[in-house]
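Below is query34.cif, holding mmCIF, C-alpha atoms, pLDDT in the B column; chains and numbers go by the auth columns.
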data_data
loop_
_atom_site.group_PDB
_atom_site.id
_atom_site.type_symbol
_atom_site.label_atom_id
_atom_site.label_comp_id
_atom_site.label_asym_id
_atom_site.label_seq_id
_atom_site.Cartn_x
_atom_site.Cartn_y
_atom_site.Cartn_z
_atom_site.B_iso_or_equiv
_atom_site.auth_seq_id
_atom_site.auth_asym_id
ATOM 1 C CA MET A 1 -28.110 21.705 -29.204 53.00 28 A
ATOM 2 C CA PHE A 2 -24.540 23.013 -29.511 52.00 29 A
ATOM 3 C CA PHE A 3 -23.187 19.556 -28.667 53.00 30 A
ATOM 4 C CA LEU A 4 -25.292 17.887 -31.391 55.00 31 A
ATOM 5 C CA LEU A 5 -24.260 20.551 -33.891 61.00 32 A
ATOM 6 C CA SER A 6 -20.581 20.047 -33.058 57.00 33 A
ATOM 7 C CA LYS A 7 -20.912 16.300 -33.677 50.00 34 A
ATOM 8 C CA LEU A 8 -22.521 16.987 -37.072 58.00 35 A
ATOM 9 C CA LEU A 9 -19.822 19.487 -38.039 61.00 36 A
ATOM 10 C CA GLN A 10 -17.130 17.015 -37.005 59.00 37 A
ATOM 11 C CA TYR A 11 -18.623 14.461 -39.385 59.00 38 A
ATOM 12 C CA LEU A 12 -18.970 16.969 -42.232 62.00 39 A
ATOM 13 C CA ALA A 13 -15.351 18.094 -41.807 63.00 40 A
ATOM 14 C CA SER A 14 -14.030 14.609 -42.576 73.00 41 A
ATOM 15 C CA PRO A 15 -11.953 14.551 -45.814 78.00 42 A
ATOM 16 C CA VAL A 16 -13.524 11.227 -46.793 80.00 43 A
ATOM 17 C CA VAL A 17 -16.969 12.833 -46.804 84.00 44 A
ATOM 18 C CA TRP A 18 -15.823 15.636 -49.088 82.00 45 A
ATOM 19 C CA ILE A 19 -13.971 13.306 -51.458 85.00 46 A
ATOM 20 C CA PHE A 20 -17.036 11.076 -51.772 85.00 47 A
ATOM 21 C CA PHE A 21 -19.380 14.079 -52.154 85.00 48 A
ATOM 22 C CA LEU A 22 -17.309 15.666 -54.934 84.00 49 A
ATOM 23 C CA PHE A 23 -16.923 12.343 -56.740 85.00 50 A
ATOM 24 C CA VAL A 24 -20.665 11.656 -56.725 88.00 51 A
ATOM 25 C CA LEU A 25 -21.397 15.258 -57.691 85.00 52 A
ATOM 26 C CA GLY A 26 -19.005 14.940 -60.620 86.00 53 A
ATOM 27 C CA LEU A 27 -20.799 11.835 -61.839 86.00 54 A
ATOM 28 C CA LEU A 28 -24.166 13.595 -61.650 87.00 55 A
ATOM 29 C CA PHE A 29 -23.200 16.794 -63.443 88.00 56 A
ATOM 30 C CA ARG A 30 -24.239 16.933 -67.094 85.00 57 A
ATOM 31 C CA ASN A 31 -22.160 20.008 -67.772 90.00 58 A
ATOM 32 C CA GLN A 32 -18.774 18.673 -68.865 89.00 59 A
ATOM 33 C CA ALA A 33 -16.798 21.588 -67.419 89.00 60 A
ATOM 34 C CA LYS A 34 -18.360 21.167 -63.968 86.00 61 A
ATOM 35 C CA LYS A 35 -17.982 17.387 -64.215 86.00 62 A
ATOM 36 C CA LYS A 36 -14.255 17.653 -64.903 89.00 63 A
ATOM 37 C CA LEU A 37 -13.741 20.268 -62.188 91.00 64 A
ATOM 38 C CA THR A 38 -15.430 18.270 -59.412 90.00 65 A
ATOM 39 C CA LEU A 39 -13.855 14.958 -60.428 88.00 66 A
ATOM 40 C CA ARG A 40 -10.418 16.561 -60.532 90.00 67 A
ATOM 41 C CA ALA A 41 -11.040 18.139 -57.122 89.00 68 A
ATOM 42 C CA SER A 42 -12.018 14.776 -55.631 89.00 69 A
ATOM 43 C CA PHE A 43 -8.932 13.148 -57.178 86.00 70 A
ATOM 44 C CA PHE A 44 -6.657 15.914 -55.840 85.00 71 A
ATOM 45 C CA LEU A 45 -8.079 15.590 -52.312 84.00 72 A
ATOM 46 C CA LEU A 46 -7.721 11.813 -52.458 84.00 73 A
ATOM 47 C CA LEU A 47 -4.095 12.156 -53.585 80.00 74 A
ATOM 48 C CA PHE A 48 -3.309 14.716 -50.897 78.00 75 A
ATOM 49 C CA PHE A 49 -4.867 12.911 -47.948 77.00 76 A
ATOM 50 C CA THR A 50 -3.456 9.498 -48.908 78.00 77 A
ATOM 51 C CA ASN A 51 0.093 10.699 -49.636 74.00 78 A
ATOM 52 C CA PRO A 52 2.183 10.182 -46.473 77.00 79 A
ATOM 53 C CA ILE A 53 4.788 12.807 -47.383 75.00 80 A
ATOM 54 C CA LEU A 54 2.244 15.528 -48.155 73.00 81 A
ATOM 55 C CA SER A 55 0.093 14.747 -45.118 74.00 82 A
ATOM 56 C CA ASN A 56 3.199 14.707 -42.908 70.00 83 A
ATOM 57 C CA GLU A 57 4.113 18.201 -44.104 74.00 84 A
ATOM 58 C CA ALA A 58 0.600 19.393 -43.287 73.00 85 A
ATOM 59 C CA TRP A 59 0.842 17.880 -39.796 69.00 86 A
ATOM 60 C CA LEU A 60 4.288 19.432 -39.265 75.00 87 A
ATOM 61 C CA ALA A 61 2.839 22.851 -40.067 77.00 88 A
ATOM 62 C CA TRP A 62 -0.080 22.363 -37.661 79.00 89 A
ATOM 63 C CA GLU A 63 1.282 20.493 -34.651 89.00 90 A
ATOM 64 C CA PRO A 64 3.286 22.437 -32.024 93.00 91 A
ATOM 65 C CA GLU A 65 6.856 21.442 -31.286 93.00 92 A
ATOM 66 C CA ALA A 66 7.514 18.623 -28.857 94.00 93 A
ATOM 67 C CA VAL A 67 8.690 19.412 -25.328 96.00 94 A
ATOM 68 C CA LEU A 68 11.437 17.268 -23.825 97.00 95 A
ATOM 69 C CA MET A 69 10.312 15.672 -20.581 97.00 96 A
ATOM 70 C CA LYS A 70 13.564 16.553 -18.839 96.00 97 A
ATOM 71 C CA GLU A 71 12.901 20.233 -19.602 97.00 98 A
ATOM 72 C CA VAL A 72 9.414 20.247 -18.038 98.00 99 A
ATOM 73 C CA LYS A 73 9.337 22.318 -14.858 97.00 100 A
ATOM 74 C CA PRO A 74 7.430 21.094 -11.793 98.00 101 A
ATOM 75 C CA TYR A 75 3.660 21.687 -11.891 98.00 102 A
ATOM 76 C CA ASP A 76 0.952 21.410 -9.291 98.00 103 A
ATOM 77 C CA ALA A 77 -1.174 19.396 -11.706 98.00 104 A
ATOM 78 C CA GLY A 78 -1.275 18.051 -15.214 98.00 105 A
ATOM 79 C CA ILE A 79 -4.649 18.239 -16.984 98.00 106 A
ATOM 80 C CA VAL A 80 -5.162 15.244 -19.268 98.00 107 A
ATOM 81 C CA LEU A 81 -7.904 15.447 -21.893 98.00 108 A
ATOM 82 C CA THR A 82 -9.732 12.292 -22.916 96.00 109 A
ATOM 83 C CA GLY A 83 -11.267 11.174 -26.206 92.00 110 A
ATOM 84 C CA VAL A 84 -8.917 8.219 -26.656 95.00 111 A
ATOM 85 C CA THR A 85 -10.864 5.185 -25.385 93.00 112 A
ATOM 86 C CA GLU A 86 -13.805 3.058 -26.545 89.00 113 A
ATOM 87 C CA VAL A 87 -16.259 3.396 -23.669 84.00 114 A
ATOM 88 C CA ASN A 88 -18.926 1.161 -25.234 82.00 115 A
ATOM 89 C CA ARG A 89 -16.717 -1.789 -26.155 85.00 116 A
ATOM 90 C CA SER A 90 -17.019 -5.028 -24.207 85.00 117 A
ATOM 91 C CA PRO A 91 -15.706 -6.519 -22.003 89.00 118 A
ATOM 92 C CA HIS A 92 -15.803 -3.602 -19.594 83.00 119 A
ATOM 93 C CA ASP A 93 -13.209 -4.975 -17.191 86.00 120 A
ATOM 94 C CA ARG A 94 -10.406 -3.332 -19.192 90.00 121 A
ATOM 95 C CA VAL A 95 -9.608 -0.139 -21.098 93.00 122 A
ATOM 96 C CA HIS A 96 -9.923 -0.220 -24.883 93.00 123 A
ATOM 97 C CA TYR A 97 -7.681 2.467 -26.358 95.00 124 A
ATOM 98 C CA LYS A 98 -7.862 4.130 -29.736 91.00 125 A
ATOM 99 C CA GLU A 99 -5.103 6.512 -30.857 91.00 126 A
ATOM 100 C CA GLY A 100 -3.861 8.898 -28.224 94.00 127 A
ATOM 101 C CA ALA A 101 -2.971 6.673 -25.281 96.00 128 A
ATOM 102 C CA GLU A 102 0.190 8.769 -24.948 97.00 129 A
ATOM 103 C CA ARG A 103 -1.930 11.479 -23.308 98.00 130 A
ATOM 104 C CA ILE A 104 -2.262 9.517 -20.070 98.00 131 A
ATOM 105 C CA LEU A 105 0.995 7.568 -20.476 98.00 132 A
ATOM 106 C CA ASP A 106 3.039 10.766 -20.765 98.00 133 A
ATOM 107 C CA ALA A 107 1.187 12.220 -17.772 98.00 134 A
ATOM 108 C CA ILE A 108 2.034 9.119 -15.737 98.00 135 A
ATOM 109 C CA GLN A 109 5.698 9.367 -16.744 98.00 136 A
ATOM 110 C CA LEU A 110 5.835 13.054 -15.825 98.00 137 A
ATOM 111 C CA TYR A 111 4.228 12.224 -12.469 98.00 138 A
ATOM 112 C CA LYS A 112 6.800 9.485 -11.823 98.00 139 A
ATOM 113 C CA MET A 113 9.586 11.936 -12.694 98.00 140 A
ATOM 114 C CA GLY A 114 8.275 14.350 -10.055 98.00 141 A
ATOM 115 C CA LYS A 115 7.119 16.913 -12.627 98.00 142 A
ATOM 116 C CA LEU A 116 3.446 16.671 -11.607 98.00 143 A
ATOM 117 C CA GLN A 117 1.995 16.587 -8.096 98.00 144 A
ATOM 118 C CA LYS A 118 -1.527 15.701 -9.253 98.00 145 A
ATOM 119 C CA ILE A 119 -3.150 14.387 -12.430 98.00 146 A
ATOM 120 C CA ILE A 120 -6.520 15.837 -13.427 98.00 147 A
ATOM 121 C CA ILE A 121 -8.374 13.722 -16.002 98.00 148 A
ATOM 122 C CA SER A 122 -11.130 15.575 -17.821 98.00 149 A
ATOM 123 C CA GLY A 123 -13.798 13.869 -19.909 95.00 150 A
ATOM 124 C CA GLY A 124 -17.179 12.215 -19.661 91.00 151 A
ATOM 125 C CA SER A 125 -18.190 10.898 -23.060 81.00 152 A
ATOM 126 C CA GLY A 126 -18.429 12.310 -26.565 61.00 153 A
ATOM 127 C CA PHE A 127 -21.256 9.904 -27.393 62.00 154 A
ATOM 128 C CA ILE A 128 -24.865 11.022 -27.644 57.00 155 A
ATOM 129 C CA LYS A 129 -26.084 7.732 -26.180 59.00 156 A
ATOM 130 C CA GLU A 130 -25.487 6.581 -22.609 67.00 157 A
ATOM 131 C CA VAL A 131 -22.194 4.815 -21.906 66.00 158 A
ATOM 132 C CA GLN A 132 -21.041 2.199 -19.418 73.00 159 A
ATOM 133 C CA LYS A 133 -18.109 4.227 -18.028 86.00 160 A
ATOM 134 C CA THR A 134 -16.744 7.704 -18.502 92.00 161 A
ATOM 135 C CA GLU A 135 -13.499 8.223 -20.350 94.00 162 A
ATOM 136 C CA ALA A 136 -11.990 9.875 -17.293 97.00 163 A
ATOM 137 C CA SER A 137 -12.586 6.707 -15.257 95.00 164 A
ATOM 138 C CA ASN A 138 -10.968 4.658 -18.033 95.00 165 A
ATOM 139 C CA LEU A 139 -7.791 6.725 -17.926 97.00 166 A
ATOM 140 C CA GLN A 140 -7.896 6.685 -14.141 97.00 167 A
ATOM 141 C CA GLN A 141 -7.813 2.889 -14.263 96.00 168 A
ATOM 142 C CA THR A 142 -4.632 2.982 -16.344 97.00 169 A
ATOM 143 C CA ALA A 143 -2.989 5.481 -13.982 98.00 170 A
ATOM 144 C CA LEU A 144 -3.894 3.396 -10.922 98.00 171 A
ATOM 145 C CA TYR A 145 -2.468 0.228 -12.463 96.00 172 A
ATOM 146 C CA ALA A 146 0.714 2.195 -13.204 97.00 173 A
ATOM 147 C CA GLY A 147 1.060 2.977 -9.499 98.00 174 A
ATOM 148 C CA VAL A 148 -0.270 6.523 -9.264 98.00 175 A
ATOM 149 C CA PRO A 149 -2.035 6.865 -5.866 98.00 176 A
ATOM 150 C CA ALA A 150 -5.783 7.435 -6.060 98.00 177 A
ATOM 151 C CA ALA A 151 -5.385 10.534 -3.889 98.00 178 A
ATOM 152 C CA ASP A 152 -3.288 12.166 -6.609 98.00 179 A
ATOM 153 C CA ILE A 153 -5.872 11.652 -9.373 98.00 180 A
ATOM 154 C CA LEU A 154 -8.776 14.072 -9.776 98.00 181 A
ATOM 155 C CA LEU A 155 -11.635 13.355 -12.164 98.00 182 A
ATOM 156 C CA GLU A 156 -13.913 15.635 -14.151 98.00 183 A
ATOM 157 C CA GLU A 157 -16.566 13.380 -15.700 96.00 184 A
ATOM 158 C CA ARG A 158 -19.231 15.722 -17.114 95.00 185 A
ATOM 159 C CA SER A 159 -17.603 17.204 -20.211 95.00 186 A
ATOM 160 C CA ARG A 160 -18.554 16.080 -23.728 92.00 187 A
ATOM 161 C CA ASN A 161 -16.239 18.269 -25.811 93.00 188 A
ATOM 162 C CA THR A 162 -13.147 20.459 -25.476 95.00 189 A
ATOM 163 C CA HIS A 163 -15.071 23.580 -24.466 95.00 190 A
ATOM 164 C CA GLU A 164 -16.705 21.675 -21.610 96.00 191 A
ATOM 165 C CA ASN A 165 -13.326 20.158 -20.673 97.00 192 A
ATOM 166 C CA ALA A 166 -12.117 23.665 -19.956 98.00 193 A
ATOM 167 C CA LEU A 167 -15.331 24.877 -18.320 97.00 194 A
ATOM 168 C CA TYR A 168 -15.784 21.978 -15.920 98.00 195 A
ATOM 169 C CA THR A 169 -12.079 21.677 -15.130 98.00 196 A
ATOM 170 C CA LYS A 170 -12.170 25.318 -14.039 98.00 197 A
ATOM 171 C CA GLU A 171 -15.097 24.498 -11.741 98.00 198 A
ATOM 172 C CA LEU A 172 -13.179 21.550 -10.272 98.00 199 A
ATOM 173 C CA LEU A 173 -10.124 23.720 -9.664 98.00 200 A
ATOM 174 C CA GLN A 174 -12.189 26.214 -7.666 97.00 201 A
ATOM 175 C CA SER A 175 -12.322 23.601 -4.898 96.00 202 A
ATOM 176 C CA GLN A 176 -8.558 22.975 -5.227 97.00 203 A
ATOM 177 C CA PRO A 177 -7.010 26.447 -4.711 96.00 204 A
ATOM 178 C CA GLN A 178 -3.604 24.925 -4.014 97.00 205 A
ATOM 179 C CA LEU A 179 -3.355 23.799 -7.654 98.00 206 A
ATOM 180 C CA ARG A 180 -2.100 26.883 -9.431 97.00 207 A
ATOM 181 C CA LYS A 181 0.636 25.855 -11.857 98.00 208 A
ATOM 182 C CA LEU A 182 -1.111 23.784 -14.526 98.00 209 A
ATOM 183 C CA LEU A 183 0.159 21.771 -17.487 98.00 210 A
ATOM 184 C CA LEU A 184 -2.296 20.850 -20.241 98.00 211 A
ATOM 185 C CA ILE A 185 -1.630 17.448 -21.826 98.00 212 A
ATOM 186 C CA THR A 186 -3.386 16.396 -25.015 98.00 213 A
ATOM 187 C CA SER A 187 -2.594 15.234 -28.543 96.00 214 A
ATOM 188 C CA ALA A 188 -0.454 17.605 -30.580 96.00 215 A
ATOM 189 C CA PHE A 189 -3.077 17.973 -33.324 93.00 216 A
ATOM 190 C CA HIS A 190 -5.653 18.885 -30.661 95.00 217 A
ATOM 191 C CA MET A 191 -3.478 21.256 -28.642 97.00 218 A
ATOM 192 C CA ARG A 192 -4.193 24.533 -30.456 95.00 219 A
ATOM 193 C CA ARG A 193 -7.959 24.168 -30.024 95.00 220 A
ATOM 194 C CA ALA A 194 -7.633 22.923 -26.444 97.00 221 A
ATOM 195 C CA GLN A 195 -5.307 25.766 -25.461 97.00 222 A
ATOM 196 C CA GLY A 196 -7.748 28.287 -26.922 97.00 223 A
ATOM 197 C CA CYS A 197 -10.675 26.797 -24.989 97.00 224 A
ATOM 198 C CA PHE A 198 -8.822 26.864 -21.683 98.00 225 A
ATOM 199 C CA LYS A 199 -7.662 30.438 -22.181 97.00 226 A
ATOM 200 C CA LYS A 200 -11.192 31.474 -23.096 96.00 227 A
ATOM 201 C CA VAL A 201 -12.517 30.352 -19.684 97.00 228 A
ATOM 202 C CA GLY A 202 -9.680 32.174 -17.931 96.00 229 A
ATOM 203 C CA LEU A 203 -7.341 29.322 -17.002 97.00 230 A
ATOM 204 C CA GLU A 204 -3.616 30.031 -17.260 95.00 231 A
ATOM 205 C CA ILE A 205 -1.915 26.866 -18.491 97.00 232 A
ATOM 206 C CA ASP A 206 1.306 25.690 -20.062 98.00 233 A
ATOM 207 C CA THR A 207 1.167 22.958 -22.682 98.00 234 A
ATOM 208 C CA PHE A 208 2.682 19.540 -23.247 98.00 235 A
ATOM 209 C CA PRO A 209 1.684 18.106 -26.641 98.00 236 A
ATOM 210 C CA ALA A 210 1.629 14.314 -26.957 97.00 237 A
ATOM 211 C CA ASP A 211 0.579 11.677 -29.499 93.00 238 A
ATOM 212 C CA PHE A 212 2.220 13.274 -32.534 93.00 239 A
ATOM 213 C CA GLN A 213 0.945 12.372 -35.989 84.00 240 A
ATOM 214 C CA THR A 214 4.188 13.538 -37.606 75.00 241 A
ATOM 215 C CA HIS A 215 7.492 11.833 -38.217 70.00 242 A
ATOM 216 C CA ASP A 216 10.903 13.198 -39.196 71.00 243 A
ATOM 217 C CA ARG A 217 11.115 14.479 -42.767 66.00 244 A
ATOM 218 C CA SER A 218 12.317 11.835 -45.206 64.00 245 A
ATOM 219 C CA SER A 219 12.084 11.129 -48.921 59.00 246 A
ATOM 220 C CA GLN A 220 12.797 7.406 -48.676 61.00 247 A
ATOM 221 C CA LEU A 221 10.632 4.883 -50.498 55.00 248 A
ATOM 222 C CA ASP A 222 9.317 3.568 -47.175 60.00 249 A
ATOM 223 C CA ASP A 223 7.573 6.905 -46.578 56.00 250 A
ATOM 224 C CA LEU A 224 5.442 6.451 -49.681 53.00 251 A
ATOM 225 C CA LEU A 225 4.014 3.127 -48.506 55.00 252 A
#
Target encoding structure tokens, full file:
Amino acid sequence: MFFLLSKLLQYLASPVVWIFFLFVLGLLFRNQAKKKLTLRASFFLLLFFTNPILSNEAWLAWEPEAVLMKEVKPYDAGIVLTGVTEVNRSPHDRVHYKEGAERILDAIQLYKMGKLQKIIISGGSGFIKEVQKTEASNLQQTALYAGVPAADILLEERSRNTHENALYTKELLQSQPQLRKLLLITSAFHMRRAQGCFKKVGLEIDTFPADFQTHDRSSQLDDLL
């Protein structure tokens, strides 16, 4: 029930939904004051969420600072969160990525640099319907093709959301007591929520944000396009 509710709330939190709702509500109102207020609100939200400079400032305020790879200390394992592939897209002999491929790519690079001894990939599927492959197995395929030995990749394939990522990863780690120093790797916009979920289940982790939505501040014309 909680999983279904979280999917509904995720949909309702979309800015596009609110912009459309306020616009339609403004058209339906007979009271002129309410009509103007809701139409102006929908226009303001549309302007804000489609303005690259304003949205970049919002992302800069939300996303944690980047960590230089050379400054990352050695860890027993890096925990990579999924949610970045299309598990129901054919053909199924390859991985179809959405945004966020840097999660596994950065983990692979850190592994190759000797910063990670193991890579833990956490994620089943966020879909309600049954899927062909789990997201963890998709990211595993990419890591294997990049030359990471299968013995150094651990999979958690049951989780459907960030809370379950943390819960089931903790269960997996109970059978791997040698993995103590942990580095959480996920998208920068997702890191605050992910870090909170992992701390809530009692896992001590450091963080490595990836897949930044931000870019350096600039007022050039290109940034308005």
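With all atoms listed in the file as the basis for measurement, A:Val122 is the residue among A:Val94, A:Leu209, A:Val43, A:Val122 that approaches Gln168 (chain A) most closely.
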Result set, the PyMOL selection byres ((chain A and resi 143) around 6) on current file, as a short mmCIF file (atom, residue, chain, number, x, y, z; two decimals) with C-alpha atoms, in the frame of the given file:
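Contents of expr09.cif, as written:
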data_model
loop_
_atom_site.label_atom_id
_atom_site.label_comp_id
_atom_site.auth_asym_id
_atom_site.auth_seq_id
_atom_site.Cartn_x
_atom_site.Cartn_y
_atom_site.Cartn_z
CA PRO A 101 7.43 21.09 -11.79
CA TYR A 102 3.66 21.69 -11.89
CA ASP A 103 0.95 21.41 -9.29
CA ALA A 104 -1.17 19.40 -11.71
CA TYR A 138 4.23 12.22 -12.47
CA GLY A 141 8.28 14.35 -10.06
CA LYS A 142 7.12 16.91 -12.63
CA GLN A 144 2.00 16.59 -8.10
CA LYS A 145 -1.53 15.70 -9.25
#
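For the pair CA of Met96 (chain A) and CA of Glu184 (chain A), the interatomic distance is 27.4 Å.
Proximity ranking of A:Glu162, A:Ile147, A:Tyr172, A:Asp238 relative to Leu211 (chain A) places A:Ile147 first, based on all atoms listed in the file.
Once the PyMOL selection byres ((chain A and resi 192) around 10) is applied to this file, the selection holds Ile106, Val107, Leu108, Thr109, Ile148, Ser149, Gly150, Gly151, Glu183, Glu184, Arg185, Ser186, Arg187, Asn188, Thr189, His190, Glu191, Ala193, Leu194, Tyr195, Thr196, Lys197, Ala221, Cys224 and Phe225 of chain A.
For the pair CA of Asn165 (chain A) and CA of Ala178 (chain A), the separation is 16.3 Å.
Running the PyMOL selection byres ((chain A and resi 125) around 7) on this file leaves Val111, Thr112, Glu113, His123, Tyr124, Glu126 and Gly127 of chain A selected.
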Near region 46-65 of chain A, 12 Å: region 74-171 of chain A residue rows, closest pairs, all atoms listed in the file, as CSV:
residue,atom,partner,partner_atom,distance
A:Leu74,CA,A:Ile46,CA,10.2
A:Phe75,CA,A:Ile46,CA,10.8
A:Phe76,CA,A:Ile46,CA,9.8
A:Thr77,CA,A:Ile46,CA,11.5
| remark: A straight line from CA of Leu210 (chain A) to CA of Asp133 (chain A) spans 11.8 Å
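Of the residues listed (A:His242, A:Val228, A:Gly105, A:Glu92), A:Gly105 shows the shortest atom-to-atom separation from Leu206 (chain A); distances use all atoms listed in the file.
When all atoms listed in the file are used to compute distances to Gly110 (chain A), the closest of the residues A:Ser152, A:Ser69, A:Asn78, A:Thr241 turns out to be A:Ser152.
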| Counting all atoms listed in the file, which of A:Ile232, A:Leu200, A:Ile212, A:Ala85 gets nearest to Leu182 (chain A)? | A:Leu200
| task | Give the answer as one residue: which of A:Lys160, A:Lys100, A:Pro176, A:Ala93 has the shortest atom-to-atom distance to Ile135 (chain A), using only C-alpha atoms? | result | A:Pro176
Output as a PDB file, in the frame of the given file: region 198-223 of chain A, completed with N, CA and C atoms.
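Result went into result_36.pdb, see below:
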ATOM      1  N   GLU A 198     -14.230  24.664 -12.909  1.00 98.00           N
ATOM      2  CA  GLU A 198     -15.097  24.498 -11.741  1.00 98.00           C
ATOM      3  C   GLU A 198     -14.449  23.574 -10.710  1.00 98.00           C
ATOM      4  N   LEU A 199     -13.850  22.482 -11.187  1.00 98.00           N
ATOM      5  CA  LEU A 199     -13.179  21.550 -10.272  1.00 98.00           C
ATOM      6  C   LEU A 199     -12.041  22.242  -9.543  1.00 98.00           C
ATOM      7  N   LEU A 200     -11.282  23.063 -10.261  1.00 98.00           N
ATOM      8  CA  LEU A 200     -10.124  23.720  -9.664  1.00 98.00           C
ATOM      9  C   LEU A 200     -10.519  24.763  -8.622  1.00 98.00           C
ATOM     10  N   GLN A 201     -11.739  25.243  -8.665  1.00 97.00           N
ATOM     11  CA  GLN A 201     -12.189  26.214  -7.666  1.00 97.00           C
ATOM     12  C   GLN A 201     -12.228  25.605  -6.267  1.00 97.00           C
ATOM     13  N   SER A 202     -12.356  24.286  -6.196  1.00 96.00           N
ATOM     14  CA  SER A 202     -12.322  23.601  -4.898  1.00 96.00           C
ATOM     15  C   SER A 202     -10.919  23.087  -4.565  1.00 96.00           C
ATOM     16  N   GLN A 203      -9.943  23.395  -5.440  1.00 97.00           N
ATOM     17  CA  GLN A 203      -8.558  22.975  -5.227  1.00 97.00           C
ATOM     18  C   GLN A 203      -7.641  24.186  -5.396  1.00 97.00           C
ATOM     19  N   PRO A 204      -7.774  25.201  -4.523  1.00 96.00           N
ATOM     20  CA  PRO A 204      -7.010  26.447  -4.711  1.00 96.00           C
ATOM     21  C   PRO A 204      -5.500  26.271  -4.648  1.00 96.00           C
ATOM     22  N   GLN A 205      -5.044  25.158  -4.098  1.00 97.00           N
ATOM     23  CA  GLN A 205      -3.604  24.925  -4.014  1.00 97.00           C
ATOM     24  C   GLN A 205      -3.002  24.553  -5.366  1.00 97.00           C
ATOM     25  N   LEU A 206      -3.838  24.182  -6.321  1.00 98.00           N
ATOM     26  CA  LEU A 206      -3.355  23.799  -7.654  1.00 98.00           C
ATOM     27  C   LEU A 206      -3.352  25.030  -8.553  1.00 98.00           C
ATOM     28  N   ARG A 207      -2.206  25.633  -8.681  1.00 97.00           N
ATOM     29  CA  ARG A 207      -2.100  26.883  -9.431  1.00 97.00           C
ATOM     30  C   ARG A 207      -1.314  26.723 -10.733  1.00 97.00           C
ATOM     31  N   LYS A 208      -0.174  26.061 -10.653  1.00 98.00           N
ATOM     32  CA  LYS A 208       0.636  25.855 -11.857  1.00 98.00           C
ATOM     33  C   LYS A 208       0.109  24.630 -12.588  1.00 98.00           C
ATOM     34  N   LEU A 209      -0.403  24.839 -13.805  1.00 98.00           N
ATOM     35  CA  LEU A 209      -1.111  23.784 -14.526  1.00 98.00           C
ATOM     36  C   LEU A 209      -0.455  23.495 -15.872  1.00 98.00           C
ATOM     37  N   LEU A 210      -0.406  22.217 -16.213  1.00 98.00           N
ATOM     38  CA  LEU A 210       0.159  21.771 -17.487  1.00 98.00           C
ATOM     39  C   LEU A 210      -0.920  21.009 -18.254  1.00 98.00           C
ATOM     40  N   LEU A 211      -1.274  21.499 -19.420  1.00 98.00           N
ATOM     41  CA  LEU A 211      -2.296  20.850 -20.241  1.00 98.00           C
ATOM     42  C   LEU A 211      -1.652  19.793 -21.127  1.00 98.00           C
ATOM     43  N   ILE A 212      -2.186  18.569 -21.068  1.00 98.00           N
ATOM     44  CA  ILE A 212      -1.630  17.448 -21.826  1.00 98.00           C
ATOM     45  C   ILE A 212      -2.713  16.886 -22.739  1.00 98.00           C
ATOM     46  N   THR A 213      -2.477  16.973 -24.032  1.00 98.00           N
ATOM     47  CA  THR A 213      -3.386  16.396 -25.015  1.00 98.00           C
ATOM     48  C   THR A 213      -2.612  16.119 -26.296  1.00 98.00           C
ATOM     49  N   SER A 214      -3.266  15.544 -27.281  1.00 96.00           N
ATOM     50  CA  SER A 214      -2.594  15.234 -28.543  1.00 96.00           C
ATOM     51  C   SER A 214      -2.137  16.510 -29.233  1.00 96.00           C
ATOM     52  N   ALA A 215      -1.023  16.425 -29.933  1.00 96.00           N
ATOM     53  CA  ALA A 215      -0.454  17.605 -30.580  1.00 96.00           C
ATOM     54  C   ALA A 215      -1.427  18.239 -31.561  1.00 96.00           C
ATOM     55  N   PHE A 216      -2.147  17.420 -32.341  1.00 93.00           N
ATOM     56  CA  PHE A 216      -3.077  17.973 -33.324  1.00 93.00           C
ATOM     57  C   PHE A 216      -4.247  18.686 -32.650  1.00 93.00           C
ATOM     58  N   HIS A 217      -4.524  18.343 -31.407  1.00 95.00           N
ATOM     59  CA  HIS A 217      -5.653  18.885 -30.661  1.00 95.00           C
ATOM     60  C   HIS A 217      -5.260  20.070 -29.790  1.00 95.00           C
ATOM     61  N   MET A 218      -3.955  20.304 -29.639  1.00 97.00           N
ATOM     62  CA  MET A 218      -3.478  21.256 -28.642  1.00 97.00           C
ATOM     63  C   MET A 218      -3.900  22.694 -28.924  1.00 97.00           C
ATOM     64  N   ARG A 219      -3.862  23.141 -30.165  1.00 95.00           N
ATOM     65  CA  ARG A 219      -4.193  24.533 -30.456  1.00 95.00           C
ATOM     66  C   ARG A 219      -5.639  24.842 -30.033  1.00 95.00           C
ATOM     67  N   ARG A 220      -6.557  23.955 -30.394  1.00 95.00           N
ATOM     68  CA  ARG A 220      -7.959  24.168 -30.024  1.00 95.00           C
ATOM     69  C   ARG A 220      -8.151  24.077 -28.509  1.00 95.00           C
ATOM     70  N   ALA A 221      -7.501  23.087 -27.897  1.00 97.00           N
ATOM     71  CA  ALA A 221      -7.633  22.923 -26.444  1.00 97.00           C
ATOM     72  C   ALA A 221      -7.072  24.134 -25.699  1.00 97.00           C
ATOM     73  N   GLN A 222      -5.919  24.609 -26.104  1.00 97.00           N
ATOM     74  CA  GLN A 222      -5.307  25.766 -25.461  1.00 97.00           C
ATOM     75  C   GLN A 222      -6.217  26.986 -25.569  1.00 97.00           C
ATOM     76  N   GLY A 223      -6.831  27.170 -26.738  1.00 97.00           N
ATOM     77  CA  GLY A 223      -7.748  28.287 -26.922  1.00 97.00           C
ATOM     78  C   GLY A 223      -8.962  28.199 -26.013  1.00 97.00           C
TER      79      GLY A 223
END
